[in-house]
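Engineer: Right, I'll just put the structure down here and ask away after.
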Amino acid sequence: MPKQNSGKKNETEIFDQLSCSNKNSLWGAICAEVFVRLGLRDAVITPGSRSTPLTFAFSRHRFIQSTAVLDERSASFFALGLAQEKHRPVVLICTSGTAAANFYPAVIEASQSRIPLLIMTADRPPELRHCHSGQTIDQQKLYGRYPNLETELSMPSVESVRLKYLRQTLIHAWERCRYPVAGPVHLNFPFRDPLAPSDDQNEQTLMQELDLLSLIDNIEPLIEVRESRASVEAINLAEKLKSADRGLIIVGPNQPQNAESFASSVGQIATELGWPTLTDGLSPLRGFSDLNPYLISHYHFILSHPDLLTRLCPKAVLSIGPLPASKILRAWLEQISAKTWVLSEGLDNVDGLHREATPLRMSVETLRAVIGEKRTAPTAYCQEWLKVEKRVTAILNKEMRNCHFLFEGKTAWVLSKSLSKRTPLFIANSMPIRDVEIFWSANNRQIRPYFNRGANGIDGTLSTALGIAQANKKAVLFTGDLALLHDTNGFLIHSCFKGHLTIILINNNGGGIFENLSIAKFNPPFEEYFATPQNVSFKKIAAAYSLEYKSVKNLDELRKMISVLPSSGIRILEIETNRKKDTRFLKELSLSIANQLKS
């Protein structure tokens with residue numbers, strides 16, 4: 001968008017009379033205008049009185065696409081989804097009181113997943129706090145240590161020094177939302193009455209006394225400058241990697257801004273080192289298999305074979321980002337002794353295994369640049385991995401083609417082979433994450449995986465997926481029944497939702513992931529307190545919100561329904577499965593593949 005107000009425009013074209021009719025509305029208008037000039041395009045707003053100055057300004061700005069959402073928790077995850085896809089801050093506005101507390105799960109997820117979320121909470125003025133005034137709680141430092149920045153603004157004023165303070169605080173908030181690591185920022189705004197702008201012509205005098213154009217005219221989008229020159233330490237690292245024997249790359253969950261560039265960089269690192277690449281289903285790499293000839297997708301079944309655990313043991317490991325969720329992989333890594341490097345651009349520790357590892361604070365692009373010349377062939381160790389991967393893939397494809405009951409793991413396998421190119425896919429936590437990791441086949445469909453793996457909770461699953469779908473125009477949600485039920489208020493977004501979302505619902509009547517725990521042998525209390533079956537009719541839920549619904553009876557039918565997505569609306573495709581049968585089948589399948597590898 002071209003910069004507003006190139007010098008020919010004046011204050012009346014930016015701040016109308018209503019915006020400048022009182023101090024509160026003026027501050028709201030300045031907030032909206034400053035953020036737009038910095039790059040804001042989306043705001044999610046929840047209803048309430050105390051937030052009137054902010055709601056009025058952001059909902060009326062011509063360059064902001066604002067969405068009104070009734071439920072604050074749903075709204076926060078919807079904003080999270082928008083920000084995940086757009087890789088830029090999204091403003092989230094609420095009134096005072098517990099409304100702000102409902103944002104907390106999304107704030108945690110934004111922090112853990114490095115998603116830029118700009119939370120603007122309205123508050124009562126100081127004299128109405130701690131005296132049982134309605135809808136008032138302590139909102140300062142409400143989100144603890146999770147925000148990149150937390151601050152309370154002063155009471156609105158028209159003094160020049162206070163307006164400059166407001167401007168620079170907003171610029172700093174935008175910066176901290178993005179740099180050095182993206183994450184949430186919390187701005188708390190106390191407002192006194194009157195909250196609404198005044199339409200009394202005698203009161204609309206503020207604009208005549210203020211030079212608002214000079215206040216905001218020179219604001220420009222922030223520029224990030226990164227050092228591209230390789231350091232001596234990075235060059236030494238490259239030499240160590242190239243000289244390492246039996247090296248292995250592990251790529252965990254990742255949502256890069258440019259998926260193809262990320263996949264290409266990792267692929268070049270792998271080919272230059274000659275190392276196999278074990279890649280999580282939540283990494284975009286499985287959708288760009290042509291960019292990495294050393295890709296390993298089915299490590300779950302490979303590492304289920306006792307003999308292969310020893311034969312394929314590495315002496316050097318390069319971990320990129322957090323580790324995959326696989327318990328088999330993690331247990332194996334805990335047992336081996338290998339020189340380990342953990343690459344992450346962020347400042348936090350992403351190694352939950354606490355390996356004896358060297359942290360690398362750089363991007364994959366930087367590492368790719370310093371490694372140097374390519375090998376002419378993979379290492380013998382890499383060739384052994386590739387040989388096993390090829391055999392496992394062939395066996396798994398045969399087993400899946402011969403699987404004729406509604407097995408939820410096969411649903412992930414079908415999705416990997418049926419979704420159209422570049423389809424955005426949001427994958428819910430619990431079993432869908434594991435199903436994708438185990439069964440998703442590498443391909444060149446460039447499917448874009450999205451997920452909330454910062455805190456790994458099921459909060460806001462539907463709402464996040466709707467945010468991603470609106471940002472992309474269409475998307476698919478792969479979820480279980482409990483994750484969807486936990487966020488059914490997200491369906492309230494339906495009335496203002498722009499785009500299409502297909503929900504592929506695995507209904508196994510409870511928490512299928514808990515069937516893999518040892519507590520599953522003890523019932524009671526397993527069914528009531530762990531599996532928690534709900535016996536809800538999703539067909540009736542769909543009818544209540546006027547959504548399209550289809551009960552899928554076989555996966556060939558699903559294949560046809562997802563190859564081309566509709567352009568608008570929300571539809572639920574329900575697949576009813578048996579979680580106990582699925583758990584047994586997965587164990588039998590792992591054993592069958594291990595036995596076939598012996599022959």
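Note on naming: chains are A, B, ... as they come in the structure tokens, residues start from 1 per chain, ligands start from 1 in the order shown.
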Counting only C-alpha atoms, which residues of segment 62-139 of chain A fall within 9 Å of segment 240-259 of chain A, and what is the closest atom pair for each with its distance in Å at one decimal, ordered by chain and rising number, as JSON lines?
Structural biologist:
{"residue": "A:Gln84", "atom": "CA", "partner": "A:Gln255", "partner_atom": "CA", "distance": 8.1}
{"residue": "A:Glu85", "atom": "CA", "partner": "A:Gln257", "partner_atom": "CA", "distance": 8.1}
{"residue": "A:Lys86", "atom": "CA", "partner": "A:Gln257", "partner_atom": "CA", "distance": 8.2}
{"residue": "A:His87", "atom": "CA", "partner": "A:Gln257", "partner_atom": "CA", "distance": 6.5}
Engineer: Write a file of the selected residues as a compact mmCIF listing (two decimals), in the first residue's frame, keeping N, CA, C and O atoms.
Structural biologist:
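Wrote again39.txt, looks like this:
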# COMPACT_ATOMS: atom_id res chain seq x y z
N GLN A 84 -0.20 -15.83 11.89
CA GLN A 84 0.61 -16.97 11.45
C GLN A 84 0.82 -16.93 9.95
O GLN A 84 1.92 -17.13 9.45
N GLU A 85 -0.25 -16.70 9.23
CA GLU A 85 -0.17 -16.73 7.77
C GLU A 85 0.49 -15.49 7.20
O GLU A 85 1.30 -15.57 6.29
N LYS A 86 0.18 -14.32 7.74
CA LYS A 86 0.65 -13.08 7.14
C LYS A 86 2.03 -12.66 7.63
O LYS A 86 2.65 -11.77 7.04
N HIS A 87 2.51 -13.28 8.71
CA HIS A 87 3.85 -12.98 9.24
C HIS A 87 4.02 -11.49 9.53
O HIS A 87 5.08 -10.92 9.32
Engineer: I'd like the neighbourhood of Ile328 of chain A as a short mmCIF file (atom, residue, chain, number, x, y, z; two decimals) with N, CA, C and O atoms, in the first residue's frame, where a residue qualifies if any of its atoms comes within 10 Å (using only C-alpha atoms), though same-chain residues fewer than 4 positions away should be ignored.
Structural biologist:
data_model
loop_
_atom_site.label_atom_id
_atom_site.label_comp_id
_atom_site.auth_asym_id
_atom_site.auth_seq_id
_atom_site.Cartn_x
_atom_site.Cartn_y
_atom_site.Cartn_z
N TYR A 299 10.46 -42.31 9.54
CA TYR A 299 11.39 -42.74 10.58
C TYR A 299 10.69 -43.43 11.74
O TYR A 299 11.31 -44.18 12.49
N HIS A 300 9.38 -43.21 11.91
CA HIS A 300 8.65 -43.90 12.97
C HIS A 300 8.77 -45.41 12.79
O HIS A 300 9.06 -46.14 13.75
N PHE A 301 8.52 -45.89 11.57
CA PHE A 301 8.57 -47.33 11.31
C PHE A 301 10.02 -47.83 11.24
O PHE A 301 10.30 -48.96 11.66
N ILE A 302 10.92 -47.00 10.74
CA ILE A 302 12.32 -47.40 10.68
C ILE A 302 12.89 -47.61 12.08
O ILE A 302 13.55 -48.62 12.36
N LEU A 303 12.60 -46.68 12.97
CA LEU A 303 13.14 -46.76 14.32
C LEU A 303 12.36 -47.73 15.21
O LEU A 303 12.73 -47.97 16.36
N SER A 304 11.26 -48.29 14.69
CA SER A 304 10.54 -49.33 15.41
C SER A 304 11.20 -50.69 15.22
O SER A 304 10.83 -51.67 15.88
N TRP A 332 15.30 -42.60 21.06
CA TRP A 332 16.52 -43.03 20.36
C TRP A 332 17.63 -41.99 20.53
O TRP A 332 18.78 -42.32 20.82
N LEU A 333 17.27 -40.70 20.37
CA LEU A 333 18.27 -39.63 20.49
C LEU A 333 18.82 -39.54 21.91
O LEU A 333 19.98 -39.18 22.12
#
Engineer: Could you give me, as a VMD selection string, the residues within 10 Å of Pro180 of chain A, counting only C-alpha atoms and dropping anything in the same chain fewer than 6 positions from it?
Structural biologist: chain A and resid 148 224 345 to 347
Engineer: To one decimal place, how far is atom CA of Leu396 of chain A from atom CA of Thr479 of chain A in Å?
Structural biologist: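 Between these atoms lies a distance of 22.7 Å.
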Engineer: To one decimal place in Å, what is the distance between atom CA of Leu309 of chain A and atom CA of Ser592 of chain A?
Structural biologist: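 Separation of atom CA of Leu309 of chain A and atom CA of Ser592 of chain A: 16.8 Å.
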Engineer: Measuring atom to atom with only C-alpha atoms, identify which of A:Asp123, A:Glu574, A:Glu528, A:Glu272 is nearest to Arg50 of chain A.
Structural biologist: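 Closest to Arg50 of chain A, using only C-alpha atoms: A:Asp123.
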Engineer: Using only C-alpha atoms, find the one residue out of A:Leu586, A:Val370, A:Ile504, A:His486 that sits nearest to Met561 of chain A.
Structural biologist: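 So, comparing all the options, the nearest one is A:Ile504.
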Engineer: Mind checking which residues fall within 9 Å of segment 40-44 of chain A, counting only C-alpha atoms, ignoring those fewer than 6 positions away in the same chain, and posting them as a compact mmCIF listing (two decimals) with N, CA, C and O atoms, in the first residue's frame?
Structural biologist:
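Wrote it out as result12.txt, contents follow:
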# COMPACT_ATOMS: atom_id res chain seq x y z
N ALA A 32 -4.57 3.95 15.43
CA ALA A 32 -4.88 3.28 14.16
C ALA A 32 -3.98 3.80 13.04
O ALA A 32 -3.43 3.03 12.26
N VAL A 34 -1.00 5.40 13.17
CA VAL A 34 0.41 5.05 13.33
C VAL A 34 0.65 3.60 12.94
O VAL A 34 1.60 3.28 12.19
N PHE A 58 -10.31 1.81 14.90
CA PHE A 58 -9.80 0.72 14.06
C PHE A 58 -10.86 0.18 13.11
O PHE A 58 -10.55 -0.24 12.00
N SER A 59 -12.12 0.18 13.53
CA SER A 59 -13.18 -0.33 12.65
C SER A 59 -13.48 0.61 11.51
O SER A 59 -14.00 0.19 10.47
N PHE A 63 -7.89 1.43 5.67
CA PHE A 63 -6.85 0.47 5.31
C PHE A 63 -6.76 -0.70 6.29
O PHE A 63 -5.85 -1.51 6.19
N ILE A 64 -7.69 -0.77 7.24
CA ILE A 64 -7.68 -1.88 8.19
C ILE A 64 -8.89 -2.77 7.92
O ILE A 64 -10.02 -2.30 7.89
N GLN A 65 -8.64 -4.06 7.74
CA GLN A 65 -9.73 -5.02 7.65
C GLN A 65 -10.03 -5.50 9.06
O GLN A 65 -9.25 -6.27 9.63
N SER A 66 -11.12 -5.05 9.61
CA SER A 66 -11.45 -5.39 11.00
C SER A 66 -12.54 -6.46 11.01
O SER A 66 -13.42 -6.50 10.15
N THR A 67 -12.44 -7.35 12.01
CA THR A 67 -13.40 -8.44 12.17
C THR A 67 -13.92 -8.42 13.60
O THR A 67 -13.13 -8.40 14.55
N ALA A 68 -15.24 -8.41 13.75
CA ALA A 68 -15.86 -8.43 15.08
C ALA A 68 -16.14 -9.87 15.48
O ALA A 68 -16.80 -10.61 14.75
N VAL A 69 -15.63 -10.27 16.65
CA VAL A 69 -15.82 -11.64 17.14
C VAL A 69 -16.35 -11.57 18.57
O VAL A 69 -15.77 -10.88 19.42
N ALA A 75 -11.66 -15.05 19.47
CA ALA A 75 -11.11 -13.90 18.74
C ALA A 75 -9.58 -13.91 18.77
O ALA A 75 -8.92 -13.63 17.76
N SER A 76 -9.01 -14.22 19.93
CA SER A 76 -7.55 -14.19 20.05
C SER A 76 -6.89 -15.24 19.18
O SER A 76 -5.83 -15.00 18.59
N PHE A 78 -8.29 -16.55 16.44
CA PHE A 78 -8.54 -16.12 15.06
C PHE A 78 -7.46 -15.13 14.63
O PHE A 78 -6.89 -15.24 13.54
N ALA A 79 -7.15 -14.18 15.50
CA ALA A 79 -6.08 -13.22 15.22
C ALA A 79 -4.74 -13.93 15.09
O ALA A 79 -3.90 -13.59 14.24
N LEU A 82 -4.51 -15.41 11.64
CA LEU A 82 -4.18 -14.37 10.64
C LEU A 82 -2.70 -14.02 10.69
O LEU A 82 -2.04 -13.91 9.65
N ALA A 83 -2.17 -13.84 11.89
CA ALA A 83 -0.77 -13.45 12.04
C ALA A 83 0.18 -14.57 11.63
O ALA A 83 1.25 -14.31 11.08
N ARG A 88 2.96 -10.87 10.01
CA ARG A 88 3.04 -9.48 10.46
C ARG A 88 2.02 -9.30 11.58
O ARG A 88 1.06 -10.07 11.69
N PRO A 89 2.20 -8.28 12.42
CA PRO A 89 1.31 -8.14 13.57
C PRO A 89 -0.15 -7.95 13.20
O PRO A 89 -0.47 -7.30 12.20
N VAL A 90 -1.00 -8.54 14.00
CA VAL A 90 -2.44 -8.34 13.92
C VAL A 90 -2.87 -7.74 15.26
O VAL A 90 -2.44 -8.20 16.32
N VAL A 91 -3.69 -6.69 15.22
CA VAL A 91 -4.17 -6.04 16.44
C VAL A 91 -5.37 -6.80 16.99
O VAL A 91 -6.25 -7.24 16.24
N LEU A 92 -5.39 -6.94 18.31
CA LEU A 92 -6.46 -7.63 19.02
C LEU A 92 -6.96 -6.70 20.12
O LEU A 92 -6.19 -6.28 20.98
N ILE A 93 -8.25 -6.35 20.09
CA ILE A 93 -8.80 -5.34 20.98
C ILE A 93 -9.91 -5.93 21.85
O ILE A 93 -10.76 -6.69 21.36
N CYS A 94 -9.90 -5.56 23.14
CA CYS A 94 -11.00 -5.96 24.01
C CYS A 94 -11.28 -4.88 25.05
O CYS A 94 -10.49 -3.96 25.25
Engineer: Excluding Lys587 of chain A and residues on its chain fewer than 2 positions from it, collect all residues at most 12 Å away from it, counting only C-alpha atoms, and give them as a ChimeraX atom specification.
Structural biologist: /A:300-301,304,409,515-516,580-585,589-594
Engineer: Within segment 271-374 of chain A, find each residue whose DSSP state, derived from the backbone, is alpha helix (DSSP H), and express the selection as a PyMOL selection string.
Structural biologist: chain A and resi 271-273+299-302+306-311+327-335+364-371
Engineer: If you count only C-alpha atoms, which residues fall within 8 Å of segment 352-364 of chain A, apart from same-chain ones fewer than 5 positions away, as a PDB file with N, CA and C atoms, in the first residue's frame?
Structural biologist:
ATOM      1  N   PHE A 262      13.015 -21.996   2.609  1.00  0.00           N
ATOM      2  CA  PHE A 262      13.465 -22.803   3.754  1.00  0.00           C
ATOM      3  C   PHE A 262      13.790 -24.224   3.297  1.00  0.00           C
ATOM      4  N   SER A 265      16.964 -24.323   1.228  1.00  0.00           N
ATOM      5  CA  SER A 265      18.178 -24.138   2.034  1.00  0.00           C
ATOM      6  C   SER A 265      18.548 -25.410   2.774  1.00  0.00           C
ATOM      7  N   VAL A 266      17.546 -26.058   3.392  1.00  0.00           N
ATOM      8  CA  VAL A 266      17.828 -27.308   4.106  1.00  0.00           C
ATOM      9  C   VAL A 266      18.272 -28.378   3.123  1.00  0.00           C
ATOM     10  N   LEU A 323      12.493 -30.361  18.243  1.00  0.00           N
ATOM     11  CA  LEU A 323      12.453 -31.742  17.786  1.00  0.00           C
ATOM     12  C   LEU A 323      11.042 -32.145  17.371  1.00  0.00           C
ATOM     13  N   ARG A 330      12.678 -39.458  19.866  1.00  0.00           N
ATOM     14  CA  ARG A 330      13.265 -38.801  21.039  1.00  0.00           C
ATOM     15  C   ARG A 330      13.972 -39.812  21.949  1.00  0.00           C
ATOM     16  N   GLU A 334      17.978 -39.872  22.895  1.00  0.00           N
ATOM     17  CA  GLU A 334      18.448 -39.844  24.286  1.00  0.00           C
ATOM     18  C   GLU A 334      19.454 -40.954  24.566  1.00  0.00           C
ATOM     19  N   LYS A 339      27.873 -36.064  18.546  1.00  0.00           N
ATOM     20  CA  LYS A 339      28.146 -34.639  18.554  1.00  0.00           C
ATOM     21  C   LYS A 339      26.937 -33.925  17.966  1.00  0.00           C
ATOM     22  N   THR A 340      26.392 -32.952  18.703  1.00  0.00           N
ATOM     23  CA  THR A 340      25.098 -32.365  18.330  1.00  0.00           C
ATOM     24  C   THR A 340      25.174 -30.846  18.261  1.00  0.00           C
ATOM     25  N   TRP A 341      24.544 -30.302  17.211  1.00  0.00           N
ATOM     26  CA  TRP A 341      24.355 -28.858  17.087  1.00  0.00           C
ATOM     27  C   TRP A 341      22.857 -28.600  16.947  1.00  0.00           C
ATOM     28  N   VAL A 342      22.356 -27.553  17.616  1.00  0.00           N
ATOM     29  CA  VAL A 342      20.932 -27.202  17.553  1.00  0.00           C
ATOM     30  C   VAL A 342      20.808 -25.806  16.958  1.00  0.00           C
ATOM     31  N   LEU A 343      20.231 -25.731  15.768  1.00  0.00           N
ATOM     32  CA  LEU A 343      20.109 -24.458  15.062  1.00  0.00           C
ATOM     33  C   LEU A 343      18.747 -23.835  15.324  1.00  0.00           C
ATOM     34  N   SER A 344      18.730 -22.587  15.770  1.00  0.00           N
ATOM     35  CA  SER A 344      17.487 -21.858  16.018  1.00  0.00           C
ATOM     36  C   SER A 344      17.773 -20.361  15.980  1.00  0.00           C
ATOM     37  N   GLU A 345      16.930 -19.611  15.278  1.00  0.00           N
ATOM     38  CA  GLU A 345      17.117 -18.159  15.211  1.00  0.00           C
ATOM     39  C   GLU A 345      16.662 -17.454  16.487  1.00  0.00           C
ATOM     40  N   GLY A 346      15.819 -18.108  17.261  1.00  0.00           N
ATOM     41  CA  GLY A 346      15.301 -17.483  18.465  1.00  0.00           C
ATOM     42  C   GLY A 346      16.304 -17.502  19.604  1.00  0.00           C
ATOM     43  N   LEU A 347      15.872 -16.956  20.744  1.00  0.00           N
ATOM     44  CA  LEU A 347      16.740 -16.845  21.908  1.00  0.00           C
ATOM     45  C   LEU A 347      16.486 -17.947  22.934  1.00  0.00           C
TER      46      LEU A 347
END
Engineer: Report, in Å with one decimal, the straight-line distance from atom CA of Asn402 of chain A to atom CA of Pro293 of chain A.
Structural biologist: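 Between atom CA of Asn402 of chain A and atom CA of Pro293 of chain A the gap works out to 28.0 Å.
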Engineer: So, counting only C-alpha atoms, which residue among A:Gln596, A:Thr279, A:Asn456, A:Asn443 is closest to Glu399 of chain A?
Structural biologist: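 Among A:Gln596, A:Thr279, A:Asn456, A:Asn443, it is A:Gln596 that comes nearest to Glu399 of chain A.
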Engineer: If you run DSSP on the backbone, which residues of segment 270-358 of chain A are strand (DSSP E or B), as a list in words?
Structural biologist: Thr277, Leu278, Thr279, Leu295, Ile296, Ala316, Val317, Leu318, Ser319, Ile320, Lys339, Thr340, Trp341, Val342, Leu343, Ala357 and Thr358 of chain A
Engineer: Considering only C-alpha atoms, state which residue in the set A:Leu195, A:Ala263, A:Ile219, A:Ala520 is at the smallest distance from Pro284 of chain A.
Structural biologist: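 When distances to Pro284 of chain A are compared using only C-alpha atoms, the smallest one comes from A:Ala263.
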Engineer: Could you give me, as a ChimeraX atom specification, the residues within 10 Å of Leu291 of chain A, counting only C-alpha atoms and dropping anything in the same chain fewer than 5 positions from it?
Structural biologist: /A:260-261,263-268,270-271,285-286,444
